[in-house]
$ cat protein27.cif   # mmCIF, C-alpha atoms
data_data
#
loop_
_atom_site.label_atom_id
_atom_site.label_comp_id
_atom_site.auth_asym_id
_atom_site.auth_seq_id
_atom_site.Cartn_x
_atom_site.Cartn_y
_atom_site.Cartn_z
CA MET A 1 173.40 120.04 48.78
CA THR A 2 171.14 117.59 50.55
CA VAL A 3 170.26 116.93 54.17
CA ARG A 4 172.03 113.58 53.85
CA ASN A 5 175.27 115.27 52.74
CA LEU A 6 175.06 117.92 55.48
CA LEU A 7 174.47 115.38 58.24
CA THR A 8 177.27 113.18 56.89
CA PHE A 9 179.70 116.14 56.76
CA ALA A 10 178.67 117.46 60.19
CA GLY A 11 178.78 113.96 61.66
CA ILE A 12 182.32 113.33 60.45
CA VAL A 13 183.56 116.74 61.66
CA CYS A 14 181.92 116.23 65.08
CA LEU A 15 183.40 112.74 65.39
CA ILE A 16 186.91 113.92 64.53
CA PHE A 17 186.94 116.86 66.95
CA GLY A 18 184.90 114.99 69.57
CA LEU A 19 187.17 111.97 69.70
CA VAL A 20 190.31 114.13 69.86
CA LEU A 21 188.82 116.19 72.71
CA ALA A 22 187.63 113.09 74.58
CA ILE A 23 190.85 111.10 74.19
CA SER A 24 193.63 113.70 74.00
CA PRO A 25 192.32 117.20 74.79
CA ALA A 26 195.82 118.65 75.18
CA THR A 27 196.50 118.05 71.47
CA LEU A 28 193.61 120.22 70.34
CA ILE A 29 194.12 122.80 73.10
CA LYS A 30 197.72 123.36 71.92
CA MET A 31 196.53 123.80 68.33
CA ILE A 32 193.79 126.33 69.11
CA PHE A 33 194.79 128.54 72.04
CA ASN A 34 197.52 131.19 72.06
CA HIS A 35 198.30 130.60 75.73
CA PRO A 36 197.11 127.08 76.57
CA SER A 37 196.71 126.06 80.19
CA PHE A 38 196.32 122.48 81.23
CA LEU A 39 194.48 122.74 84.50
CA GLU A 40 192.52 119.68 85.55
CA THR A 41 189.31 121.64 85.00
CA THR A 42 190.33 122.52 81.42
CA ILE A 43 191.05 118.89 80.59
CA ALA A 44 187.83 117.66 82.26
CA THR A 45 185.69 120.25 80.49
CA SER A 46 187.35 119.47 77.16
CA ARG A 47 186.68 115.77 77.62
CA ASN A 48 183.04 116.47 78.47
CA TYR A 49 182.60 118.50 75.29
CA GLY A 50 184.45 115.81 73.36
CA ILE A 51 181.97 113.20 74.53
CA LEU A 52 179.07 115.51 73.63
CA LEU A 53 180.50 116.18 70.15
CA THR A 54 181.06 112.47 69.59
CA GLY A 55 177.41 111.83 70.48
CA VAL A 56 176.22 114.54 68.10
CA GLY A 57 178.43 113.08 65.38
CA ILE A 58 177.01 109.59 65.84
CA ALA A 59 173.43 110.94 65.93
CA SER A 60 174.02 112.99 62.76
CA LEU A 61 175.37 109.97 60.92
CA ALA A 62 172.45 107.84 62.12
CA ALA A 63 169.91 110.47 60.97
CA ARG A 64 171.42 111.09 57.53
CA SER A 65 169.00 108.73 55.75
CA SER A 66 165.88 110.02 57.50
CA THR A 67 162.83 111.21 55.57
CA PRO A 68 161.34 114.68 56.11
CA SER A 69 160.04 114.85 59.68
CA TRP A 70 160.02 117.10 62.72
CA ALA A 71 163.02 115.20 64.09
CA ARG A 72 165.05 115.83 60.93
CA LEU A 73 163.99 119.47 61.06
CA GLY A 74 165.38 119.54 64.62
CA PHE A 75 168.74 118.29 63.37
CA LEU A 76 168.78 121.08 60.78
CA VAL A 77 168.00 123.67 63.46
CA GLN A 78 170.84 122.28 65.59
CA CYS A 79 173.30 122.39 62.67
CA THR A 80 172.23 125.93 61.75
CA VAL A 81 172.28 127.46 65.22
CA ALA A 82 175.47 125.71 66.37
CA GLY A 83 177.30 126.41 63.11
CA ILE A 84 176.48 130.11 62.93
CA PHE A 85 176.97 130.84 66.64
CA LEU A 86 180.24 128.88 66.81
CA ALA A 87 181.60 130.65 63.73
CA VAL A 88 180.79 134.06 65.22
CA TYR A 89 182.20 133.16 68.66
CA ASP A 90 185.38 131.59 67.27
CA ALA A 91 186.00 134.62 65.02
CA TYR A 92 185.56 136.85 68.08
CA ALA A 93 188.02 134.71 70.07
CA ILE A 94 190.62 134.98 67.28
CA VAL A 95 190.25 138.75 67.05
CA LYS A 96 190.56 139.05 70.86
CA GLY A 97 193.75 136.94 70.83
CA ILE A 98 192.32 133.99 72.74
CA TYR A 99 192.57 131.60 69.79
CA ASN A 100 195.46 131.62 67.33
CA ALA A 101 195.11 132.47 63.65
CA GLY A 102 195.14 128.79 62.69
CA THR A 103 191.62 128.58 64.07
CA TRP A 104 190.20 130.38 61.01
CA GLY A 105 189.83 126.90 59.50
CA ILE A 106 187.44 125.96 62.30
CA VAL A 107 185.53 129.21 61.70
CA ALA A 108 185.19 128.25 58.02
CA LEU A 109 184.00 124.71 58.87
CA THR A 110 181.38 125.87 61.35
CA ALA A 111 180.21 128.68 59.06
CA ILE A 112 179.78 126.21 56.19
CA VAL A 113 177.71 123.90 58.40
CA GLY A 114 175.60 126.83 59.67
CA ILE A 115 174.89 128.37 56.27
CA TRP A 116 174.32 124.99 54.64
CA GLY A 117 171.92 124.08 57.44
CA LEU A 118 170.08 127.40 57.08
CA LEU A 119 169.58 126.91 53.34
CA LEU A 120 168.30 123.38 53.87
CA LEU A 121 166.15 124.50 56.79
CA LEU A 122 164.37 127.02 54.58
CA LYS A 123 163.84 124.35 51.92
CA GLU A 124 162.74 121.68 54.45
CA ARG A 125 160.33 124.08 56.15
CA LYS A 126 158.36 124.34 52.91
CA ILE A 127 158.11 120.54 52.74
CA MET A 128 156.82 120.33 56.31
CA ALA A 129 154.17 123.05 55.79
#

$ encode --input "protein27.cif" --output "C-alpha cells"
Amino acid sequence: MTVRNLLTFAGIVCLIFGLVLAISPATLIKMIFNHPSFLETTIATSRNYGILLTGVGIASLAARSSTPSWARLGFLVQCTVAGIFLAVYDAYAIVKGIYNAGTWGIVALTAIVGIWGLLLLLKERKIMA
C-alpha cells in the first residue's frame, strides 16, 4: 500500500475510462445508464471528461515515482476527494435509477481509490510535518 501503487492503479483506471470516453463515449454510456440518450451535448461532454480523465491518468503515472513533496501530497488529495465523492455520487445515482446496477463495480473502484488515498494522505502528512 504505497503511493506508487495507488498512483499506478489510479492512472491505469483513469486511462482506461478516459480513453473509452474520449474515443467511443456511446460504449460507456450504454453500459452505465438505464436510459441512455445520445444527444450531441452528451457525447461532447463525455469526450471532454474523457480527455480530462486521460490527462489525470497520464499525470498519475508520471508522478508515481515522486518523492514526498507538496506536489505528491496534492495528488493524494485529488485521489482521496475524487474517489470518495465519486463513490458517494455514483451510489446515489444507482439508488435513484439513473445508473444501472452494473455500475456498483465503478463505485467499488472509486471507493478503493478514495479510501486508499485517505490512508496514504494521513501517513504522508506526518512525513511532510

$ resolve_selection --input "protein27.cif" --expression "the PyMOL selection byres ((chain A and resi 48) around 12)" --output "list of chain:residue names"
A:Gly18, A:Leu19, A:Val20, A:Leu21, A:Ala22, A:Ile23, A:Ser24, A:Pro25, A:Thr41, A:Thr42, A:Ile43, A:Ala44, A:Thr45, A:Ser46, A:Arg47, A:Tyr49, A:Gly50, A:Ile51, A:Leu52, A:Leu53, A:Thr54, A:Gly55

$ closest_residue --input "protein27.cif" --among "A:Pro36, A:Gly11, A:Pro68, A:Gly57" --to "Leu121 in chain A" --atoms "all atoms listed in the file"
A:Pro68

$ closest_residue --input "protein27.cif" --among "A:Thr8, A:Asn34, A:Thr27, A:Thr2" --to "Lys96 in chain A" --atoms "only C-alpha atoms"
A:Asn34

$ residues_around --input "protein27.cif" --residues "Leu73 in chain A" --least-positions-apart "3" --cutoff "8 Å" --atoms "all atoms listed in the file" --output "list in words"
Pro68, Ser69, Trp70, Leu76, Val77, Leu121, Glu124 and Arg125 of chain A

$ closest_residue --input "protein27.cif" --among "A:Tyr99, A:Phe75, A:Trp104, A:Tyr89" --to "Ala10 in chain A" --atoms "all atoms listed in the file"
A:Phe75

$ closest_residue --input "protein27.cif" --among "A:Ala82, A:Ala71, A:Ile12, A:Leu39" --to "Trp116 in chain A" --atoms "only C-alpha atoms"
A:Ala82

$ build_atoms --input "protein27.cif" --residues "range 67-78 of chain A" --atoms "all heavy atoms" --output "JSON list (two decimals), in the coordinates of the input"
[["chain", "number", "residue", "atom", "x", "y", "z"],
["A", 67, "THR", "N", 163.76, 110.52, 56.47],
["A", 67, "THR", "CA", 162.83, 111.21, 55.57],
["A", 67, "THR", "C", 162.39, 112.50, 56.24],
["A", 67, "THR", "O", 162.57, 112.67, 57.45],
["A", 67, "THR", "CB", 161.61, 110.31, 55.28],
["A", 67, "THR", "OG1", 161.00, 109.97, 56.52],
["A", 67, "THR", "CG2", 162.03, 109.05, 54.54],
["A", 68, "PRO", "N", 161.78, 113.43, 55.49],
["A", 68, "PRO", "CA", 161.34, 114.68, 56.11],
["A", 68, "PRO", "C", 160.43, 114.42, 57.31],
["A", 68, "PRO", "O", 159.47, 113.67, 57.23],
["A", 68, "PRO", "CB", 160.58, 115.37, 54.98],
["A", 68, "PRO", "CG", 161.21, 114.86, 53.74],
["A", 68, "PRO", "CD", 161.55, 113.42, 54.04],
["A", 69, "SER", "N", 160.80, 115.01, 58.44],
["A", 69, "SER", "CA", 160.04, 114.85, 59.68],
["A", 69, "SER", "C", 160.42, 115.98, 60.62],
["A", 69, "SER", "O", 161.35, 116.74, 60.36],
["A", 69, "SER", "CB", 160.35, 113.50, 60.34],
["A", 69, "SER", "OG", 161.71, 113.47, 60.74],
["A", 70, "TRP", "N", 159.69, 116.07, 61.73],
["A", 70, "TRP", "CA", 160.02, 117.10, 62.72],
["A", 70, "TRP", "C", 161.37, 116.82, 63.36],
["A", 70, "TRP", "O", 162.11, 117.74, 63.71],
["A", 70, "TRP", "CB", 158.92, 117.18, 63.78],
["A", 70, "TRP", "CG", 157.66, 117.77, 63.22],
["A", 70, "TRP", "CD1", 156.51, 117.10, 62.94],
["A", 70, "TRP", "CD2", 157.46, 119.12, 62.81],
["A", 70, "TRP", "NE1", 155.60, 117.97, 62.39],
["A", 70, "TRP", "CE2", 156.15, 119.22, 62.31],
["A", 70, "TRP", "CE3", 158.25, 120.26, 62.82],
["A", 70, "TRP", "CZ2", 155.61, 120.41, 61.83],
["A", 70, "TRP", "CZ3", 157.72, 121.46, 62.34],
["A", 70, "TRP", "CH2", 156.42, 121.51, 61.85],
["A", 71, "ALA", "N", 161.72, 115.55, 63.51],
["A", 71, "ALA", "CA", 163.02, 115.20, 64.09],
["A", 71, "ALA", "C", 164.16, 115.65, 63.17],
["A", 71, "ALA", "O", 165.16, 116.20, 63.63],
["A", 71, "ALA", "CB", 163.10, 113.70, 64.34],
["A", 72, "ARG", "N", 164.01, 115.40, 61.88],
["A", 72, "ARG", "CA", 165.05, 115.83, 60.93],
["A", 72, "ARG", "C", 165.14, 117.36, 60.90],
["A", 72, "ARG", "O", 166.23, 117.92, 60.82],
["A", 72, "ARG", "CB", 164.74, 115.28, 59.54],
["A", 72, "ARG", "CG", 165.85, 115.57, 58.55],
["A", 72, "ARG", "CD", 165.68, 114.73, 57.33],
["A", 72, "ARG", "NE", 165.15, 115.52, 56.24],
["A", 72, "ARG", "CZ", 165.18, 115.12, 54.98],
["A", 72, "ARG", "NH1", 165.66, 113.94, 54.67],
["A", 72, "ARG", "NH2", 164.69, 115.88, 54.04],
["A", 73, "LEU", "N", 164.00, 118.01, 61.00],
["A", 73, "LEU", "CA", 163.99, 119.47, 61.06],
["A", 73, "LEU", "C", 164.77, 119.95, 62.29],
["A", 73, "LEU", "O", 165.51, 120.93, 62.23],
["A", 73, "LEU", "CB", 162.55, 119.98, 61.10],
["A", 73, "LEU", "CG", 162.33, 121.46, 60.83],
["A", 73, "LEU", "CD1", 162.65, 121.79, 59.39],
["A", 73, "LEU", "CD2", 160.90, 121.85, 61.17],
["A", 74, "GLY", "N", 164.62, 119.21, 63.41],
["A", 74, "GLY", "CA", 165.38, 119.54, 64.62],
["A", 74, "GLY", "C", 166.88, 119.44, 64.42],
["A", 74, "GLY", "O", 167.64, 120.26, 64.92],
["A", 75, "PHE", "N", 167.32, 118.41, 63.68],
["A", 75, "PHE", "CA", 168.74, 118.29, 63.37],
["A", 75, "PHE", "C", 169.22, 119.47, 62.53],
["A", 75, "PHE", "O", 170.32, 119.98, 62.73],
["A", 75, "PHE", "CB", 169.04, 116.98, 62.63],
["A", 75, "PHE", "CG", 169.44, 115.86, 63.53],
["A", 75, "PHE", "CD1", 168.52, 114.91, 63.92],
["A", 75, "PHE", "CD2", 170.74, 115.74, 63.99],
["A", 75, "PHE", "CE1", 168.87, 113.88, 64.76],
["A", 75, "PHE", "CE2", 171.11, 114.72, 64.84],
["A", 75, "PHE", "CZ", 170.17, 113.77, 65.22],
["A", 76, "LEU", "N", 168.40, 119.92, 61.60],
["A", 76, "LEU", "CA", 168.78, 121.08, 60.78],
["A", 76, "LEU", "C", 168.86, 122.35, 61.62],
["A", 76, "LEU", "O", 169.76, 123.16, 61.43],
["A", 76, "LEU", "CB", 167.80, 121.26, 59.62],
["A", 76, "LEU", "CG", 167.87, 120.21, 58.52],
["A", 76, "LEU", "CD1", 166.79, 120.45, 57.48],
["A", 76, "LEU", "CD2", 169.24, 120.20, 57.88],
["A", 77, "VAL", "N", 167.94, 122.51, 62.55],
["A", 77, "VAL", "CA", 168.00, 123.67, 63.46],
["A", 77, "VAL", "C", 169.28, 123.61, 64.28],
["A", 77, "VAL", "O", 169.99, 124.61, 64.42],
["A", 77, "VAL", "CB", 166.75, 123.72, 64.37],
["A", 77, "VAL", "CG1", 166.93, 124.74, 65.48],
["A", 77, "VAL", "CG2", 165.51, 124.02, 63.56],
["A", 78, "GLN", "N", 169.61, 122.44, 64.80],
["A", 78, "GLN", "CA", 170.84, 122.28, 65.59],
["A", 78, "GLN", "C", 172.07, 122.62, 64.76],
["A", 78, "GLN", "O", 172.96, 123.34, 65.22],
["A", 78, "GLN", "CB", 170.91, 120.85, 66.15],
["A", 78, "GLN", "CG", 172.08, 120.59, 67.06],
["A", 78, "GLN", "CD", 173.31, 120.08, 66.33],
["A", 78, "GLN", "OE1", 173.24, 119.48, 65.27],
["A", 78, "GLN", "NE2", 174.46, 120.34, 66.92]]
